[in-house]
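**Q** Sending over a structure as structure tokens; questions will come in a sec.
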Amino acid sequence: MQVSTAVATPSPRSTRARDKLMHTAEQLYAEHGFANVSIRMISEAAGQRNKSAVQYHFSTRDELIQAILARHAAAIDEHRIPMVAALEASGEVSLREWIACILTPHIEHHIQLGTPSWYGRFLAQAVVEPSLREHAVQASLRTPSFQRLEKLWPPRPDRDPDLAAQYRAMIRLLVVHMCAELEGDLAMGLVAPADAEQSWRRLGEHLITAVCGLSTALLEIPEP
């Protein structure tokens, strides 16, 4: 007797409920913080009669958060894939081009999300939450485009690993929190919605310049 191992395809209703829970959780966490939002609050705000809806779809709070992180990472990956392909075809990559390929897809994703959005503030909390930080970091590092990009600028074997780790943390916090700040300003009306795209692109250019400066100062990478 053969036992089927096929995974059942979620129904459209189940998929819609799952998406609604993720969207609602992201907004609530962004606006109120992880500590101030319960699983029950998410279910109620998402319009679910079943107060255990989150546990049904995600089992735990952390699994829900990881699913949100993975969804955004996949969307950012779609923006980065053609950029990486262009760099691979060029044969020669400058430091600024390499850093732009890391950061620009994040900026494009924020623009695509529109205003208001909550991902920036959600991510800013995830990267400083001890139990979630590594999930937030790995969600980006595991994407196919990032793994291809790393091969275009291999690390130096003689580099101080502690310094390299601190450098990555500095970059992560700089980028994540500056994006969260602009997103918050847009949500509060401190930046006009009509200026959103221009503001995001300006921030992207400034971040690229700042990261290039940190790279050359801390890691002694020569700028071509």
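Letters A, B, ... go to the chains of the structure tokens in the order shown; residues in each chain start at 1; ligands are counted from 1 in the same order.
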Report the closest atom pair, with its distance in Å rounded to one decimal, for each residue of region 91-144 of chain A that has an atom no farther than 12 Å from region 19-24 of chain A; count only C-alpha atoms, sort by chain and then rising residue number, and write it as CSV.

**A**
```
residue,atom,partner,partner_atom,distance
A:Leu113,CA,A:His23,CA,11.9
A:Ser117,CA,A:His23,CA,10.1
A:Trp118,CA,A:His23,CA,9.0
A:Tyr119,CA,A:His23,CA,9.6
A:Phe122,CA,A:His23,CA,11.0
```

**Q** I'd like to know which of A:Met170, A:Leu123, A:Leu203, A:Leu132 is closest to Leu218 (chain A), using only C-alpha atoms.

**A**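 Under the stated criterion, the closest residue is A:Met170.
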
**Q** Could you tell me how far CA of Glu92 (chain A) lies from CA of Leu149 (chain A), in Å and to one decimal?

**A**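 Value for the CA of Glu92 (chain A)-CA of Leu149 (chain A) distance: 12.7 Å.
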
**Q** Please build the interface table for region 100-204 of chain A against region 57-63 of chain A with a cut-off of 12 Å, listing for each qualifying residue the nearest atom pair and the distance in Å to one decimal; count only C-alpha atoms, order rows by chain and increasing number, and write it as a tab-separated table.

**A**
```
residue	atom	partner	partner_atom	distance
A:Ala126	CA	A:Asp62	CA	10.3
A:Glu129	CA	A:Asp62	CA	11.1
A:Pro130	CA	A:Asp62	CA	11.8
A:Ser131	CA	A:Asp62	CA	8.5
A:Leu132	CA	A:Asp62	CA	7.5
A:Arg133	CA	A:Asp62	CA	11.1
A:Glu134	CA	A:Asp62	CA	11.8
A:His135	CA	A:Asp62	CA	9.3
A:Ala136	CA	A:Asp62	CA	11.0
```

**Q** Okay, now the selection with N, CA, C and O atoms, as a PDB file, in the first residue's frame?

**A**
```pdb
ATOM      1  N   ALA A 126      12.635  43.985  14.050  1.00  0.00           N
ATOM      2  CA  ALA A 126      13.102  42.595  13.952  1.00  0.00           C
ATOM      3  C   ALA A 126      14.617  42.492  14.088  1.00  0.00           C
ATOM      4  O   ALA A 126      15.128  41.555  14.697  1.00  0.00           O
ATOM      5  N   GLU A 129      15.609  42.657  17.795  1.00  0.00           N
ATOM      6  CA  GLU A 129      14.990  41.672  18.682  1.00  0.00           C
ATOM      7  C   GLU A 129      15.890  40.444  18.727  1.00  0.00           C
ATOM      8  O   GLU A 129      16.101  39.785  17.705  1.00  0.00           O
ATOM      9  N   PRO A 130      16.454  40.110  19.899  1.00  0.00           N
ATOM     10  CA  PRO A 130      17.428  39.004  19.963  1.00  0.00           C
ATOM     11  C   PRO A 130      16.952  37.702  19.343  1.00  0.00           C
ATOM     12  O   PRO A 130      17.710  37.024  18.647  1.00  0.00           O
ATOM     13  N   SER A 131      15.698  37.349  19.555  1.00  0.00           N
ATOM     14  CA  SER A 131      15.199  36.071  19.049  1.00  0.00           C
ATOM     15  C   SER A 131      14.892  36.093  17.562  1.00  0.00           C
ATOM     16  O   SER A 131      14.667  35.045  16.953  1.00  0.00           O
ATOM     17  N   LEU A 132      14.873  37.281  16.962  1.00  0.00           N
ATOM     18  CA  LEU A 132      14.482  37.407  15.552  1.00  0.00           C
ATOM     19  C   LEU A 132      15.585  37.952  14.661  1.00  0.00           C
ATOM     20  O   LEU A 132      15.493  37.853  13.436  1.00  0.00           O
ATOM     21  N   ARG A 133      16.611  38.522  15.258  1.00  0.00           N
ATOM     22  CA  ARG A 133      17.639  39.212  14.465  1.00  0.00           C
ATOM     23  C   ARG A 133      18.264  38.303  13.410  1.00  0.00           C
ATOM     24  O   ARG A 133      18.400  38.687  12.247  1.00  0.00           O
ATOM     25  N   GLU A 134      18.639  37.096  13.807  1.00  0.00           N
ATOM     26  CA  GLU A 134      19.303  36.210  12.865  1.00  0.00           C
ATOM     27  C   GLU A 134      18.362  35.800  11.730  1.00  0.00           C
ATOM     28  O   GLU A 134      18.781  35.675  10.582  1.00  0.00           O
ATOM     29  N   HIS A 135      17.083  35.631  12.050  1.00  0.00           N
ATOM     30  CA  HIS A 135      16.109  35.315  10.996  1.00  0.00           C
ATOM     31  C   HIS A 135      16.009  36.483  10.002  1.00  0.00           C
ATOM     32  O   HIS A 135      15.926  36.271   8.793  1.00  0.00           O
ATOM     33  N   ALA A 136      16.007  37.698  10.535  1.00  0.00           N
ATOM     34  CA  ALA A 136      15.913  38.869   9.669  1.00  0.00           C
ATOM     35  C   ALA A 136      17.132  38.983   8.769  1.00  0.00           C
ATOM     36  O   ALA A 136      17.019  39.307   7.578  1.00  0.00           O
TER      37      ALA A 136
END
```

**Q** Taking only C-alpha atoms into account, name the residue in A:Gln138, A:Arg121, A:Leu152, A:Pro144 that is nearest to Ser90 (chain A).

**A**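 Closest to Ser90 (chain A) of all the choices is A:Leu152.
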
**Q** Determine the nearest neighbour of Val127 (chain A) from the options A:Leu95, A:Gln66, A:Glu88, A:Arg49, counting only C-alpha atoms.

**A**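 When distances to Val127 (chain A) are compared using only C-alpha atoms, the smallest one comes from A:Gln66.
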
**Q** Using only C-alpha atoms, which residue out of A:Ala17, A:Ile208, A:Ile111, A:Leu214 lies closest to Leu186 (chain A)?

**A** A:Ile111

**Q** Just want the 12 Å neighbourhood of Glu97 (chain A), counted on only C-alpha atoms, with same-chain residues fewer than 5 positions away dropped. Output as a list of chain:residue names.

**A**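 The residues that qualify are A:Met83, A:Val84, A:Ala86, A:Leu87, A:Glu88, A:Ser90, A:Glu92, A:Ile102, A:Leu103, A:Thr104, A:Leu149, A:Leu152, A:Trp153, A:Glu205, A:Ile208, A:Thr209, A:Val211, A:Cys212, A:Glu223, A:Pro224.
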
**Q** Take the selection from the previous step and output its residues with N, CA and C atoms, as a PDB file, in the first residue's frame.

**A**
```pdb
ATOM      1  N   MET A  83      19.894  43.217 -11.766  1.00  0.00           N
ATOM      2  CA  MET A  83      21.063  44.045 -11.480  1.00  0.00           C
ATOM      3  C   MET A  83      22.311  43.180 -11.355  1.00  0.00           C
ATOM      4  N   VAL A  84      22.184  42.036 -10.692  1.00  0.00           N
ATOM      5  CA  VAL A  84      23.318  41.130 -10.558  1.00  0.00           C
ATOM      6  C   VAL A  84      23.723  40.593 -11.928  1.00  0.00           C
ATOM      7  N   ALA A  86      23.446  42.035 -14.751  1.00  0.00           N
ATOM      8  CA  ALA A  86      24.144  43.092 -15.489  1.00  0.00           C
ATOM      9  C   ALA A  86      25.583  43.228 -15.006  1.00  0.00           C
ATOM     10  N   LEU A  87      25.803  43.121 -13.702  1.00  0.00           N
ATOM     11  CA  LEU A  87      27.160  43.190 -13.179  1.00  0.00           C
ATOM     12  C   LEU A  87      27.989  41.986 -13.620  1.00  0.00           C
ATOM     13  N   GLU A  88      27.390  40.813 -13.618  1.00  0.00           N
ATOM     14  CA  GLU A  88      28.095  39.606 -14.057  1.00  0.00           C
ATOM     15  C   GLU A  88      28.521  39.730 -15.514  1.00  0.00           C
ATOM     16  N   SER A  90      29.149  42.537 -17.076  1.00  0.00           N
ATOM     17  CA  SER A  90      30.081  43.648 -17.302  1.00  0.00           C
ATOM     18  C   SER A  90      31.540  43.223 -17.167  1.00  0.00           C
ATOM     19  N   GLU A  92      33.649  43.699 -14.875  1.00  0.00           N
ATOM     20  CA  GLU A  92      34.417  44.496 -13.916  1.00  0.00           C
ATOM     21  C   GLU A  92      33.444  45.285 -13.064  1.00  0.00           C
ATOM     22  N   ILE A 102      23.408  45.957  -3.708  1.00  0.00           N
ATOM     23  CA  ILE A 102      22.870  45.489  -2.430  1.00  0.00           C
ATOM     24  C   ILE A 102      21.706  46.368  -1.984  1.00  0.00           C
ATOM     25  N   LEU A 103      21.876  47.686  -2.078  1.00  0.00           N
ATOM     26  CA  LEU A 103      20.932  48.612  -1.463  1.00  0.00           C
ATOM     27  C   LEU A 103      19.771  49.034  -2.355  1.00  0.00           C
ATOM     28  N   THR A 104      20.030  49.238  -3.627  1.00  0.00           N
ATOM     29  CA  THR A 104      18.984  49.753  -4.512  1.00  0.00           C
ATOM     30  C   THR A 104      17.732  48.880  -4.539  1.00  0.00           C
ATOM     31  N   LEU A 149      25.726  37.754  -5.874  1.00  0.00           N
ATOM     32  CA  LEU A 149      26.423  39.030  -5.727  1.00  0.00           C
ATOM     33  C   LEU A 149      27.689  38.880  -4.889  1.00  0.00           C
ATOM     34  N   LEU A 152      30.900  38.152  -6.646  1.00  0.00           N
ATOM     35  CA  LEU A 152      31.510  39.218  -7.440  1.00  0.00           C
ATOM     36  C   LEU A 152      32.476  40.073  -6.622  1.00  0.00           C
ATOM     37  N   TRP A 153      32.421  39.935  -5.282  1.00  0.00           N
ATOM     38  CA  TRP A 153      33.319  40.696  -4.419  1.00  0.00           C
ATOM     39  C   TRP A 153      33.714  39.803  -3.247  1.00  0.00           C
ATOM     40  N   GLU A 205      20.592  56.992  -2.692  1.00  0.00           N
ATOM     41  CA  GLU A 205      21.882  57.516  -3.124  1.00  0.00           C
ATOM     42  C   GLU A 205      22.751  57.898  -1.927  1.00  0.00           C
ATOM     43  N   ILE A 208      24.101  54.711  -0.278  1.00  0.00           N
ATOM     44  CA  ILE A 208      25.186  54.118  -1.065  1.00  0.00           C
ATOM     45  C   ILE A 208      26.494  54.870  -0.806  1.00  0.00           C
ATOM     46  N   THR A 209      26.415  56.191  -0.808  1.00  0.00           N
ATOM     47  CA  THR A 209      27.613  57.003  -0.545  1.00  0.00           C
ATOM     48  C   THR A 209      28.146  56.739   0.860  1.00  0.00           C
ATOM     49  N   VAL A 211      27.723  54.052   2.775  1.00  0.00           N
ATOM     50  CA  VAL A 211      28.271  52.698   2.900  1.00  0.00           C
ATOM     51  C   VAL A 211      29.616  52.596   2.189  1.00  0.00           C
ATOM     52  N   CYS A 212      29.763  53.269   1.060  1.00  0.00           N
ATOM     53  CA  CYS A 212      31.068  53.307   0.386  1.00  0.00           C
ATOM     54  C   CYS A 212      32.120  53.928   1.296  1.00  0.00           C
ATOM     55  N   GLU A 223      38.827  52.489  -3.554  1.00  0.00           N
ATOM     56  CA  GLU A 223      37.753  52.895  -4.447  1.00  0.00           C
ATOM     57  C   GLU A 223      38.334  53.080  -5.840  1.00  0.00           C
ATOM     58  N   PRO A 224      37.811  52.327  -6.835  1.00  0.00           N
ATOM     59  CA  PRO A 224      38.343  52.457  -8.199  1.00  0.00           C
ATOM     60  C   PRO A 224      38.166  53.884  -8.718  1.00  0.00           C
TER      61      PRO A 224
END
```

**Q** Restricting the calculation to only C-alpha atoms, which member of A:Asp160, A:Ala124, A:Ala210, A:Leu174 is positioned closest to Glu31 (chain A)?

**A**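 The shortest atom-to-atom distance to Glu31 (chain A) comes from A:Ala124.
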
**Q** So that I can see what lies close to Arg40 (chain A), please list as a compact mmCIF listing (two decimals) with N, CA, C and O atoms, in the first residue's frame the residues with an atom at most 10 Å from it, counting only C-alpha atoms and leaving out residues fewer than 2 positions away in the same chain.

**A**
```
# COMPACT_ATOMS: atom_id res chain seq x y z
N VAL A 37 1.79 43.59 21.00
CA VAL A 37 0.81 43.00 20.08
C VAL A 37 0.70 41.50 20.37
O VAL A 37 1.69 40.78 20.27
N SER A 38 -0.48 41.06 20.72
CA SER A 38 -0.70 39.64 20.98
C SER A 38 -1.20 38.93 19.74
O SER A 38 -1.70 39.56 18.79
N ILE A 42 -3.95 40.24 16.64
CA ILE A 42 -3.77 40.11 15.19
C ILE A 42 -4.98 39.44 14.55
O ILE A 42 -5.50 39.91 13.53
N SER A 43 -5.46 38.36 15.16
CA SER A 43 -6.62 37.65 14.62
C SER A 43 -7.85 38.56 14.58
O SER A 43 -8.57 38.59 13.58
N GLU A 44 -8.07 39.30 15.66
CA GLU A 44 -9.23 40.19 15.72
C GLU A 44 -9.13 41.32 14.70
O GLU A 44 -10.10 41.64 14.01
N ALA A 45 -7.94 41.93 14.59
CA ALA A 45 -7.76 43.03 13.65
C ALA A 45 -7.87 42.56 12.21
O ALA A 45 -8.26 43.34 11.32
N ALA A 46 -7.55 41.30 11.96
CA ALA A 46 -7.65 40.73 10.61
C ALA A 46 -9.06 40.26 10.29
O ALA A 46 -9.32 39.75 9.19
N GLN A 48 -10.77 37.82 11.79
CA GLN A 48 -10.93 36.37 11.91
C GLN A 48 -11.80 36.04 13.12
O GLN A 48 -11.51 36.45 14.24
N ASN A 50 -12.19 33.06 14.32
CA ASN A 50 -11.43 32.08 15.08
C ASN A 50 -10.23 32.77 15.72
O ASN A 50 -9.32 33.22 15.03
N LYS A 51 -10.21 32.86 17.03
CA LYS A 51 -9.13 33.55 17.73
C LYS A 51 -7.81 32.79 17.63
O LYS A 51 -6.75 33.34 17.96
N SER A 52 -7.85 31.55 17.17
CA SER A 52 -6.64 30.75 17.00
C SER A 52 -6.18 30.72 15.55
O SER A 52 -5.41 29.84 15.15
N ALA A 53 -6.64 31.69 14.75
CA ALA A 53 -6.34 31.69 13.32
C ALA A 53 -4.83 31.77 13.06
O ALA A 53 -4.31 31.11 12.15
N VAL A 54 -4.12 32.57 13.85
CA VAL A 54 -2.67 32.70 13.64
C VAL A 54 -1.98 31.37 13.88
O VAL A 54 -1.14 30.94 13.09
N GLN A 55 -2.36 30.70 14.97
CA GLN A 55 -1.74 29.40 15.27
C GLN A 55 -2.08 28.37 14.20
O GLN A 55 -1.26 27.50 13.89
```

**Q** Take CA of Ile107 (chain A) and CA of Gly204 (chain A) and report the distance between them in Å, one decimal.

**A**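 Going from CA of Ile107 (chain A) over to CA of Gly204 (chain A), I get 6.1 Å.
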
**Q** Looking at A:Ala169, A:Met178, A:Ala217, A:Val137, which one is nearest to Leu69 (chain A), with distances taken over only C-alpha atoms?

**A** A:Val137

**Q** Applying 12 Å and only C-alpha atoms, which residues near Leu182 (chain A) remain after dropping the ones on its own chain fewer than 2 positions away? List them as a PyMOL selection string.

**A** chain A and resi 107+110-111+115-121+124+175-180+184-193+195-204

**Q** Could you turn the residues from that selection into a file that holds N, CA and C atoms, as an mmCIF file, in the first residue's frame?

**A**
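Result file is out36.cif:
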```cif
data_model
loop_
_atom_site.group_PDB
_atom_site.id
_atom_site.type_symbol
_atom_site.label_atom_id
_atom_site.label_comp_id
_atom_site.auth_asym_id
_atom_site.auth_seq_id
_atom_site.Cartn_x
_atom_site.Cartn_y
_atom_site.Cartn_z
ATOM 1 N N ILE A 107 15.461 49.871 -1.790
ATOM 2 C CA ILE A 107 14.794 51.145 -2.054
ATOM 3 C C ILE A 107 13.654 50.953 -3.048
ATOM 4 N N HIS A 110 10.664 49.465 -1.335
ATOM 5 C CA HIS A 110 9.927 50.449 -0.549
ATOM 6 C C HIS A 110 9.058 51.326 -1.452
ATOM 7 N N ILE A 111 9.577 51.719 -2.585
ATOM 8 C CA ILE A 111 8.798 52.528 -3.524
ATOM 9 C C ILE A 111 7.595 51.732 -4.010
ATOM 10 N N THR A 115 2.585 54.256 -0.175
ATOM 11 C CA THR A 115 2.427 54.980 1.087
ATOM 12 C C THR A 115 0.958 54.954 1.509
ATOM 13 N N PRO A 116 0.651 54.557 2.734
ATOM 14 C CA PRO A 116 1.588 54.177 3.789
ATOM 15 C C PRO A 116 2.065 52.735 3.617
ATOM 16 N N SER A 117 3.197 52.446 4.222
ATOM 17 C CA SER A 117 3.722 51.086 4.269
ATOM 18 C C SER A 117 4.252 50.848 5.676
ATOM 19 N N TRP A 118 4.550 49.591 5.982
ATOM 20 C CA TRP A 118 4.942 49.249 7.354
ATOM 21 C C TRP A 118 6.199 48.384 7.415
ATOM 22 N N TYR A 119 6.678 47.929 6.285
ATOM 23 C CA TYR A 119 7.802 46.999 6.283
ATOM 24 C C TYR A 119 9.051 47.585 6.923
ATOM 25 N N GLY A 120 9.368 48.834 6.642
ATOM 26 C CA GLY A 120 10.582 49.447 7.174
ATOM 27 C C GLY A 120 10.601 49.454 8.691
ATOM 28 N N ARG A 121 9.477 49.863 9.305
ATOM 29 C CA ARG A 121 9.408 49.922 10.762
ATOM 30 C C ARG A 121 9.322 48.519 11.369
ATOM 31 N N ALA A 124 12.883 47.196 11.263
ATOM 32 C CA ALA A 124 13.733 47.869 12.239
ATOM 33 C C ALA A 124 13.601 47.233 13.615
ATOM 34 N N VAL A 175 21.139 51.228 7.287
ATOM 35 C CA VAL A 175 20.176 51.120 6.188
ATOM 36 C C VAL A 175 18.768 50.880 6.712
ATOM 37 N N VAL A 176 18.624 49.920 7.598
ATOM 38 C CA VAL A 176 17.295 49.552 8.089
ATOM 39 C C VAL A 176 16.632 50.716 8.815
ATOM 40 N N HIS A 177 17.354 51.373 9.697
ATOM 41 C CA HIS A 177 16.728 52.422 10.499
ATOM 42 C C HIS A 177 16.513 53.718 9.726
ATOM 43 N N MET A 178 17.354 54.006 8.756
ATOM 44 C CA MET A 178 17.089 55.179 7.920
ATOM 45 C C MET A 178 15.856 54.952 7.048
ATOM 46 N N CYS A 179 15.679 53.739 6.552
ATOM 47 C CA CYS A 179 14.471 53.420 5.773
ATOM 48 C C CYS A 179 13.231 53.482 6.665
ATOM 49 N N ALA A 180 13.357 52.982 7.901
ATOM 50 C CA ALA A 180 12.229 53.037 8.830
ATOM 51 C C ALA A 180 11.855 54.478 9.152
ATOM 52 N N GLY A 184 8.307 56.176 8.362
ATOM 53 C CA GLY A 184 7.520 56.803 9.417
ATOM 54 C C GLY A 184 7.151 58.234 9.089
ATOM 55 N N ASP A 185 8.082 58.981 8.522
ATOM 56 C CA ASP A 185 7.801 60.370 8.126
ATOM 57 C C ASP A 185 6.702 60.419 7.068
ATOM 58 N N LEU A 186 6.729 59.486 6.131
ATOM 59 C CA LEU A 186 5.686 59.428 5.109
ATOM 60 C C LEU A 186 4.342 59.078 5.730
ATOM 61 N N ALA A 187 4.338 58.133 6.656
ATOM 62 C CA ALA A 187 3.088 57.715 7.297
ATOM 63 C C ALA A 187 2.471 58.838 8.116
ATOM 64 N N MET A 188 3.310 59.676 8.729
ATOM 65 C CA MET A 188 2.819 60.774 9.563
ATOM 66 C C MET A 188 2.554 62.044 8.772
ATOM 67 N N GLY A 189 2.822 62.021 7.472
ATOM 68 C CA GLY A 189 2.578 63.197 6.653
ATOM 69 C C GLY A 189 3.674 64.239 6.712
ATOM 70 N N LEU A 190 4.817 63.895 7.320
ATOM 71 C CA LEU A 190 5.930 64.845 7.378
ATOM 72 C C LEU A 190 6.615 64.978 6.021
ATOM 73 N N VAL A 191 6.441 63.973 5.173
ATOM 74 C CA VAL A 191 6.868 64.026 3.772
ATOM 75 C C VAL A 191 5.632 63.797 2.928
ATOM 76 N N ALA A 192 5.397 64.650 1.957
ATOM 77 C CA ALA A 192 4.196 64.537 1.128
ATOM 78 C C ALA A 192 4.223 63.255 0.302
ATOM 79 N N PRO A 193 3.089 62.562 0.189
ATOM 80 C CA PRO A 193 3.038 61.341 -0.624
ATOM 81 C C PRO A 193 3.523 61.560 -2.049
ATOM 82 N N ASP A 195 5.918 63.260 -2.956
ATOM 83 C CA ASP A 195 7.380 63.316 -2.963
ATOM 84 C C ASP A 195 8.012 61.995 -2.530
ATOM 85 N N ALA A 196 7.183 60.969 -2.330
ATOM 86 C CA ALA A 196 7.677 59.713 -1.768
ATOM 87 C C ALA A 196 8.760 59.081 -2.629
ATOM 88 N N GLU A 197 8.506 58.909 -3.906
ATOM 89 C CA GLU A 197 9.478 58.227 -4.755
ATOM 90 C C GLU A 197 10.793 58.984 -4.808
ATOM 91 N N GLN A 198 10.726 60.301 -4.967
ATOM 92 C CA GLN A 198 11.948 61.116 -5.007
ATOM 93 C C GLN A 198 12.701 61.016 -3.677
ATOM 94 N N SER A 199 11.955 61.015 -2.573
ATOM 95 C CA SER A 199 12.590 60.929 -1.255
ATOM 96 C C SER A 199 13.279 59.591 -1.059
ATOM 97 N N TRP A 200 12.652 58.514 -1.510
ATOM 98 C CA TRP A 200 13.267 57.189 -1.401
ATOM 99 C C TRP A 200 14.531 57.108 -2.248
ATOM 100 N N ARG A 201 14.482 57.624 -3.450
ATOM 101 C CA ARG A 201 15.657 57.547 -4.328
ATOM 102 C C ARG A 201 16.799 58.411 -3.786
ATOM 103 N N ARG A 202 16.465 59.557 -3.228
ATOM 104 C CA ARG A 202 17.500 60.400 -2.628
ATOM 105 C C ARG A 202 18.137 59.688 -1.439
ATOM 106 N N LEU A 203 17.314 59.057 -0.617
ATOM 107 C CA LEU A 203 17.850 58.308 0.513
ATOM 108 C C LEU A 203 18.743 57.166 0.021
ATOM 109 N N GLY A 204 18.322 56.488 -1.036
ATOM 110 C CA GLY A 204 19.124 55.400 -1.578
ATOM 111 C C GLY A 204 20.506 55.865 -2.003
#
```

**Q** Among region 5-203 of chain A, which residues does DSSP mark as helix (DSSP H, G or I) when it is run on the backbone? Keep the chain and numbering as in the structure and answer as a count of residues only.

**A** 148

**Q** CA of Ile65 (chain A) and CA of Tyr29 (chain A), how far apart in Å?

**A**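 Distance between the two atoms: 9.5 Å.
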